[in-house]
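protein01.csv, holding CSV, C-alpha atoms:
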```
chain,number,residue,atom,x,y,z
A,1,MET,CA,-74.3,-100.8,337.3
A,2,GLN,CA,-71.7,-98.2,338.0
A,3,ILE,CA,-68.9,-96.4,336.1
A,4,ASP,CA,-65.5,-98.1,336.1
A,5,VAL,CA,-63.0,-95.7,337.7
A,6,PRO,CA,-59.5,-97.1,337.9
A,7,ASN,CA,-58.7,-95.7,341.3
A,8,SER,CA,-59.8,-97.9,344.3
A,9,GLU,CA,-58.9,-95.1,346.8
A,10,LEU,CA,-61.8,-92.9,345.7
A,11,VAL,CA,-64.9,-93.1,348.0
A,12,GLN,CA,-68.4,-93.3,346.3
A,13,TYR,CA,-71.1,-90.9,347.5
A,14,PRO,CA,-74.6,-91.3,346.1
A,15,VAL,CA,-76.3,-88.0,345.1
A,16,LYS,CA,-79.8,-87.1,346.1
A,17,GLY,CA,-82.0,-84.3,344.7
A,18,THR,CA,-80.8,-84.2,341.0
A,19,GLN,CA,-84.2,-85.6,339.7
A,20,GLY,CA,-87.7,-84.5,340.2
A,21,LEU,CA,-89.1,-80.9,340.8
A,22,GLN,CA,-86.6,-78.1,340.2
A,23,VAL,CA,-88.5,-75.6,342.4
A,24,ASN,CA,-86.6,-75.2,345.7
A,25,GLN,CA,-84.2,-77.9,344.6
A,26,THR,CA,-81.6,-79.1,347.1
A,27,VAL,CA,-78.8,-81.5,346.1
A,28,THR,CA,-76.9,-83.5,348.8
A,29,PHE,CA,-74.0,-85.9,348.9
A,30,ALA,CA,-71.3,-86.8,351.4
A,31,ASN,CA,-71.2,-83.9,353.8
A,32,TYR,CA,-72.2,-81.3,351.0
A,33,GLN,CA,-75.4,-79.6,350.3
A,34,THR,CA,-76.5,-76.9,347.9
A,35,GLN,CA,-77.8,-73.7,349.5
A,36,TYR,CA,-79.6,-72.6,346.3
A,37,ILE,CA,-79.9,-73.5,342.6
A,38,LYS,CA,-81.1,-70.7,340.3
A,39,ARG,CA,-81.8,-71.4,336.6
A,40,SER,CA,-82.8,-69.2,333.7
A,41,TRP,CA,-85.2,-70.5,331.1
A,42,ASN,CA,-83.5,-72.3,328.3
A,43,LYS,CA,-83.5,-70.1,325.2
A,44,GLY,CA,-83.5,-71.8,321.9
A,45,ILE,CA,-83.7,-71.1,318.1
A,46,SER,CA,-84.4,-73.7,315.4
A,47,ARG,CA,-84.4,-73.0,311.7
A,48,ALA,CA,-84.9,-75.4,308.8
A,49,PHE,CA,-85.6,-75.7,305.1
A,50,GLY,CA,-86.2,-78.7,302.9
A,51,PHE,CA,-86.6,-80.0,299.4
A,52,SER,CA,-87.7,-83.3,297.7
A,53,THR,CA,-86.3,-85.2,294.7
A,54,GLY,CA,-89.4,-87.4,294.4
A,55,GLN,CA,-87.5,-90.4,295.8
A,56,GLN,CA,-86.1,-88.7,298.9
A,57,SER,CA,-87.0,-85.7,301.1
A,58,PHE,CA,-84.3,-83.6,302.7
A,59,MET,CA,-84.5,-81.2,305.6
A,60,LEU,CA,-81.6,-79.1,306.7
A,61,GLY,CA,-81.6,-77.0,309.8
A,62,THR,CA,-79.7,-75.5,312.7
A,63,GLU,CA,-80.5,-75.5,316.4
A,64,LYS,CA,-79.1,-73.2,319.1
A,65,LYS,CA,-79.9,-73.0,322.8
A,66,LYS,CA,-78.5,-71.4,325.8
A,67,SER,CA,-79.0,-71.7,329.6
A,68,GLU,CA,-77.6,-70.1,332.7
A,69,MET,CA,-77.4,-71.4,336.3
A,70,THR,CA,-75.9,-70.4,339.6
A,71,PHE,CA,-75.6,-72.5,342.7
A,72,ALA,CA,-73.8,-72.5,346.1
A,73,LEU,CA,-72.3,-75.6,347.7
A,74,THR,CA,-71.6,-75.8,351.4
A,75,ALA,CA,-69.8,-78.5,353.5
A,76,LYS,CA,-70.8,-79.3,357.0
A,77,THR,CA,-67.2,-78.2,358.1
A,78,GLY,CA,-68.1,-74.7,356.9
A,79,GLU,CA,-66.3,-74.4,353.6
A,80,ASN,CA,-68.4,-73.1,350.7
A,81,ALA,CA,-68.2,-72.4,347.0
A,82,GLU,CA,-70.3,-70.4,344.5
A,83,ILE,CA,-70.6,-71.5,340.9
A,84,PHE,CA,-71.9,-69.5,337.8
A,85,MET,CA,-72.6,-71.8,334.9
A,86,THR,CA,-73.4,-70.9,331.2
A,87,ASN,CA,-74.3,-73.6,328.7
A,88,ALA,CA,-74.4,-73.2,325.0
A,89,LEU,CA,-75.1,-75.7,322.2
A,90,LYS,CA,-75.2,-75.3,318.5
A,91,SER,CA,-75.8,-78.1,315.9
A,92,ARG,CA,-76.6,-78.6,312.3
A,93,ASN,CA,-79.2,-81.2,311.5
A,94,LEU,CA,-79.8,-83.3,308.4
A,95,PHE,CA,-83.1,-85.3,308.1
A,96,VAL,CA,-83.5,-87.6,305.1
A,97,GLU,CA,-86.7,-89.6,304.4
A,98,THR,CA,-86.9,-92.1,301.5
A,99,ILE,CA,-90.0,-93.0,299.5
A,100,ASP,CA,-90.4,-96.2,301.6
A,101,LYS,CA,-90.4,-94.1,304.8
A,102,ALA,CA,-86.9,-95.1,306.0
A,103,ALA,CA,-85.6,-92.1,307.8
A,104,VAL,CA,-82.1,-90.9,308.9
A,105,ASN,CA,-81.7,-88.0,311.3
A,106,ALA,CA,-78.1,-86.8,311.7
A,107,LYS,CA,-76.8,-84.1,314.1
A,108,ARG,CA,-73.4,-82.5,313.3
A,109,TYR,CA,-71.2,-80.1,315.2
A,110,ARG,CA,-68.5,-78.0,313.5
A,111,ALA,CA,-65.1,-77.1,314.9
A,112,LYS,CA,-65.7,-73.5,313.9
A,113,ASP,CA,-68.7,-73.4,316.3
A,114,SER,CA,-66.6,-74.6,319.3
A,115,LEU,CA,-67.1,-71.4,321.2
A,116,LEU,CA,-70.9,-71.8,320.8
A,117,ASN,CA,-70.7,-75.4,322.1
A,118,SER,CA,-69.3,-74.9,325.6
A,119,CYS,CA,-70.2,-75.1,329.2
A,120,TYR,CA,-68.4,-72.4,331.2
A,121,ALA,CA,-68.4,-72.4,335.0
A,122,PRO,CA,-66.2,-70.2,337.2
A,123,ILE,CA,-65.9,-71.8,340.6
A,124,TYR,CA,-65.4,-69.4,343.5
A,125,LEU,CA,-64.0,-71.0,346.6
A,126,ALA,CA,-64.4,-68.9,349.8
A,127,ASP,CA,-61.5,-66.5,350.5
A,128,ALA,CA,-59.8,-67.4,347.2
A,129,GLU,CA,-58.2,-64.5,345.2
A,130,LYS,CA,-59.6,-65.7,341.9
A,131,PRO,CA,-61.9,-68.4,340.7
A,132,TRP,CA,-61.1,-71.7,339.1
A,133,GLN,CA,-62.3,-71.7,335.4
A,134,MET,CA,-64.1,-74.8,334.2
A,135,GLN,CA,-64.8,-75.3,330.5
A,136,ILE,CA,-66.5,-78.4,328.9
A,137,ASN,CA,-66.9,-78.8,325.1
A,138,ASN,CA,-70.5,-79.8,324.8
A,139,ALA,CA,-70.1,-80.9,321.2
A,140,GLN,CA,-67.3,-83.3,322.0
A,141,VAL,CA,-69.4,-84.9,324.8
A,142,GLU,CA,-72.5,-85.1,322.5
A,143,MET,CA,-70.4,-86.8,319.8
A,144,ASN,CA,-69.6,-89.5,322.4
A,145,LYS,CA,-65.9,-88.7,322.3
A,146,ASN,CA,-63.9,-90.9,324.6
A,147,GLY,CA,-61.2,-88.7,326.0
A,148,VAL,CA,-60.5,-85.2,327.2
A,149,VAL,CA,-63.5,-82.9,326.8
A,150,GLY,CA,-62.6,-80.0,329.1
A,151,LYS,CA,-60.4,-78.6,331.8
A,152,ILE,CA,-60.5,-76.9,335.3
A,153,THR,CA,-57.8,-74.3,335.6
A,154,LEU,CA,-56.5,-71.9,338.2
A,155,ASP,CA,-53.2,-71.1,336.5
A,156,LYS,CA,-50.5,-72.8,334.5
A,157,ASP,CA,-49.4,-74.9,337.4
A,158,ASN,CA,-52.8,-75.8,338.9
A,159,TYR,CA,-55.3,-77.6,336.6
A,160,CYS,CA,-57.2,-80.8,336.0
A,161,ALA,CA,-58.3,-82.4,332.8
A,162,VAL,CA,-61.9,-83.6,332.4
A,163,LYS,CA,-62.3,-86.9,330.6
A,164,THR,CA,-65.4,-88.9,329.6
A,165,VAL,CA,-66.0,-92.4,331.0
A,166,ILE,CA,-67.7,-95.1,328.8
A,167,LYS,CA,-66.8,-98.2,330.8
A,168,THR,CA,-69.1,-99.6,333.5
A,169,LYS,CA,-69.0,-102.4,336.0
A,170,PRO,CA,-69.9,-105.2,335.5
A,171,LYS,CA,-67.6,-105.0,332.5
A,172,SER,CA,-69.3,-103.2,329.7
A,173,ILE,CA,-68.7,-100.3,327.3
A,174,SER,CA,-71.4,-97.8,326.7
A,175,LYS,CA,-72.1,-96.1,323.4
A,176,ILE,CA,-72.5,-92.8,325.1
A,177,PRO,CA,-70.6,-91.2,328.0
A,178,VAL,CA,-72.0,-92.3,331.4
A,179,GLY,CA,-69.7,-90.2,333.5
A,180,PHE,CA,-66.5,-88.1,333.8
A,181,GLN,CA,-63.2,-88.4,335.6
A,182,PHE,CA,-60.9,-85.6,336.7
A,183,GLU,CA,-57.1,-86.1,336.3
A,184,ASN,CA,-54.5,-83.8,337.8
A,185,LYS,CA,-51.4,-82.5,335.9
A,186,ASN,CA,-49.6,-85.8,336.8
A,187,GLY,CA,-52.3,-87.9,335.1
A,188,GLU,CA,-53.7,-89.2,338.5
A,189,ILE,CA,-57.4,-89.6,338.8
A,190,VAL,CA,-58.5,-87.5,341.7
A,191,ALA,CA,-62.3,-87.6,341.4
A,192,ALA,CA,-65.1,-88.8,339.1
A,193,VAL,CA,-68.8,-88.4,338.7
A,194,SER,CA,-71.3,-91.0,337.4
A,195,LEU,CA,-74.4,-89.8,335.4
A,196,LEU,CA,-76.2,-93.1,336.0
A,197,ASP,CA,-79.5,-92.9,338.0
A,198,ASN,CA,-79.4,-89.9,340.4
A,199,GLY,CA,-75.6,-89.7,340.1
A,200,THR,CA,-72.6,-90.7,342.2
A,201,ILE,CA,-69.6,-88.6,343.0
A,202,PHE,CA,-66.2,-90.2,343.7
A,203,LEU,CA,-63.8,-88.3,346.0
A,204,LYS,CA,-60.5,-88.7,347.8
A,205,LYS,CA,-60.7,-88.9,351.6
A,206,ASP,CA,-58.3,-86.0,352.3
A,207,ASP,CA,-57.7,-82.3,351.3
A,208,GLU,CA,-61.1,-80.6,352.1
A,209,LYS,CA,-60.4,-77.6,349.8
A,210,GLU,CA,-59.7,-79.9,346.8
A,211,LYS,CA,-62.7,-82.0,347.6
A,212,LEU,CA,-64.9,-78.9,347.6
A,213,LEU,CA,-63.5,-77.8,344.2
A,214,LEU,CA,-64.0,-81.2,342.6
A,215,SER,CA,-67.4,-81.7,344.2
A,216,SER,CA,-68.5,-78.4,342.7
A,217,ALA,CA,-67.1,-79.4,339.3
A,218,ALA,CA,-68.8,-82.8,339.5
A,219,LEU,CA,-72.1,-81.1,340.3
A,220,VAL,CA,-71.7,-78.8,337.3
A,221,LEU,CA,-71.6,-81.9,335.1
A,222,LEU,CA,-74.6,-83.5,336.8
A,223,LEU,CA,-76.7,-80.3,336.4
A,224,ARG,CA,-75.4,-79.8,332.9
A,225,ALA,CA,-77.2,-83.0,331.9
A,226,ASP,CA,-80.6,-81.2,332.5
A,227,PHE,CA,-79.6,-78.8,329.7
A,228,VAL,CA,-78.4,-81.2,327.0
A,229,ASP,CA,-81.1,-83.9,327.5
```
Exercise: express the given structure as structure tokens:
Amino acid sequence: MQIDVPNSELVQYPVKGTQGLQVNQTVTFANYQTQYIKRSWNKGISRAFGFSTGQQSFMLGTEKKKSEMTFALTAKTGENAEIFMTNALKSRNLFVETIDKAAVNAKRYRAKDSLLNSCYAPIYLADAEKPWQMQINNAQVEMNKNGVVGKITLDKDNYCAVKTVIKTKPKSISKIPVGFQFENKNGEIVAAVSLLDNGTIFLKKDDEKEKLLLSSAALVLLLRADFVD
């Protein structure tokens, strides 16, 4: 099974190293390899209170967590990029249990907490004057939204939209996002990343600088999965 990306010109590159031990972790795909991956410990806070009506028990709570990561990605041709990623997630939880032990556990995200539900990742390409800014709305991804969930921006004329992918091949539609695709300002799909198994990155054959940028962004989304799981 693989994600369904409607651009036959993209080449698939299986990813190695995203699963298993994170000590001295090295991720490789195509002609790219990480030089280092440094993580901070996930920091989380959970609070809850509850009450019972005799027939039903209710538990209300909030959960917040944050993580930081840096990594460097290098191509065999010599190009390199450095990425600094910050992840944050805040949710409100409602747990209801009836007298016959039927339970419902709902997780909600609020629009007013959008700044606390984002993945930020400046991507520094070697010799560039300023970084590309990547932002993903974690809440929209977790709510299984099918559509735009983020952006990669250099300036008003240079940017890509990040969209979730729920379709797979053979033909099927997943209930949760199984990948992401990157679309340029003209709406053309220029890259994609599958979250299935160890991951697969889809890239165009030409433009090495663009491939390095989109490879870095794709790896952000693969490594982000460690945080939200």
Applying 7 Å and only C-alpha atoms, which residues near Lys90 of chain A remain after dropping the ones on its own chain fewer than 5 positions away? List them as a short mmCIF file (atom, residue, chain, number, x, y, z; two decimals) with C-alpha atoms, in the coordinates of the input.
```cif
data_model
loop_
_atom_site.label_atom_id
_atom_site.label_comp_id
_atom_site.auth_asym_id
_atom_site.auth_seq_id
_atom_site.Cartn_x
_atom_site.Cartn_y
_atom_site.Cartn_z
CA GLU A 63 -80.50 -75.50 316.40
CA LYS A 64 -79.10 -73.20 319.10
CA LYS A 65 -79.90 -73.00 322.80
CA LEU A 116 -70.90 -71.80 320.80
CA ASN A 117 -70.70 -75.40 322.10
#
```
- request: Might you pull out every residue within 6 Å of Thr168 of chain A, with all atoms listed in the file counted and same-chain residues fewer than 3 positions away left off, and present them as a ChimeraX atom specification?
  value: /A:2-4,171-172
Would you mind exporting C-alpha atoms of the selected residues as a PDB file, in the coordinates of the input?
```pdb
ATOM      1  CA  GLN A   2     -71.700 -98.200 338.000  1.00  0.00           C
ATOM      2  CA  ILE A   3     -68.900 -96.400 336.100  1.00  0.00           C
ATOM      3  CA  ASP A   4     -65.500 -98.100 336.100  1.00  0.00           C
ATOM      4  CA  LYS A 171     -67.600-105.000 332.500  1.00  0.00           C
ATOM      5  CA  SER A 172     -69.300-103.200 329.700  1.00  0.00           C
TER       6      SER A 172
END
```
Contacts of Lys38 of chain A at 7 Å or less, counting only C-alpha atoms, minus same-chain residues fewer than 5 places along, as a CSV table (one decimal) with C-alpha atoms, in the coordinates of the input?
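out-v5.csv was written with the following content:
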```csv
chain,number,residue,atom,x,y,z
A,69,MET,CA,-77.4,-71.4,336.3
A,70,THR,CA,-75.9,-70.4,339.6
A,71,PHE,CA,-75.6,-72.5,342.7
```
field: Pairwise distance for atom CA of Lys76 of chain A and atom CA of Trp132 of chain A, rounded to one decimal in Å
entry: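 We find that atom CA of Lys76 of chain A and atom CA of Trp132 of chain A lie 21.7 Å from each other.
With only C-alpha atoms taken into account, the protein and nucleic acid residues at most 7 Å from segment 134-141 of chain A (excluding it and anything under 2 positions from it in its own chain) are Leu89, Tyr109, Asn117, Ser118, Cys119, Tyr120, Ala121, Pro122, Trp132, Met143, Asn144, Lys145, Val149, Gly150, Lys151, Ile152 and Thr153 of chain A.
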Hey, which bits of segment 187-211 of chain A sit within 6 Å of segment 9-18 of chain A, and for each residue what's the closest pair of atoms and how far apart in Å (one decimal), counting all atoms listed in the file, rows by chain and increasing number, as a Markdown table?
```
| residue | atom | partner | partner_atom | distance |
| --- | --- | --- | --- | --- |
| A:Asn198 | CA | A:Thr18 | CA | 5.9 |
| A:Gly199 | CA | A:Val15 | CA | 5.3 |
| A:Thr200 | CA | A:Pro14 | CA | 4.4 |
| A:Ile201 | CA | A:Tyr13 | CA | 5.3 |
| A:Phe202 | CA | A:Gln12 | CA | 4.6 |
| A:Leu203 | CA | A:Leu10 | CA | 5.0 |
| A:Lys204 | CA | A:Leu10 | CA | 4.9 |
```
field: Separation of atom CA of Leu125 of chain A from atom CA of Ile83 of chain A in Å
entry: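 Taking atom CA of Ile83 of chain A as the start and atom CA of Leu125 of chain A as the end point, the length is 8.7 Å.
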field: From A:Gly78, A:Gly147, A:Gly61, A:Gly50, residue lying nearest Glu183 of chain A [only C-alpha atoms]
entry: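 Going through A:Gly78, A:Gly147, A:Gly61, A:Gly50 one by one, the smallest distance to Glu183 of chain A is for A:Gly147.
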- prompt: Can you tell me how far atom CA of Met85 of chain A sits from atom CA of Glu68 of chain A, in Å to one decimal?
  reply: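 Between atom CA of Met85 of chain A and atom CA of Glu68 of chain A the gap is 5.7 Å.
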task: Considering only C-alpha atoms, state which residue in the set A:Val23, A:Val178, A:Ile123, A:Cys160 is at the smallest distance from Glu142 of chain A.
output: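 Smallest distance to Glu142 of chain A is found for A:Val178.
The neighbours of segment 31-35 of chain A here are the residues that come within 6 Å of it, using all atoms listed in the file and leaving out any residue fewer than 5 positions away in the same chain; they are A:Thr26, A:Ala72, A:Leu73, A:Thr74, A:Ala75, A:Lys76.
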task: Using only C-alpha atoms, find the one residue out of A:Val162, A:Ile176, A:Ala225, A:Ala128 that sits nearest to Ser67 of chain A.
output: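 For Ser67 of chain A, the nearest of the candidates is A:Ala225.
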field: Among listed residues A:Met1, A:Leu212, A:Ser91, A:Glu79, nearest Ile173 of chain A (using all atoms listed in the file)
entry: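 Going through A:Met1, A:Leu212, A:Ser91, A:Glu79 one by one, the smallest distance to Ile173 of chain A is for A:Met1.
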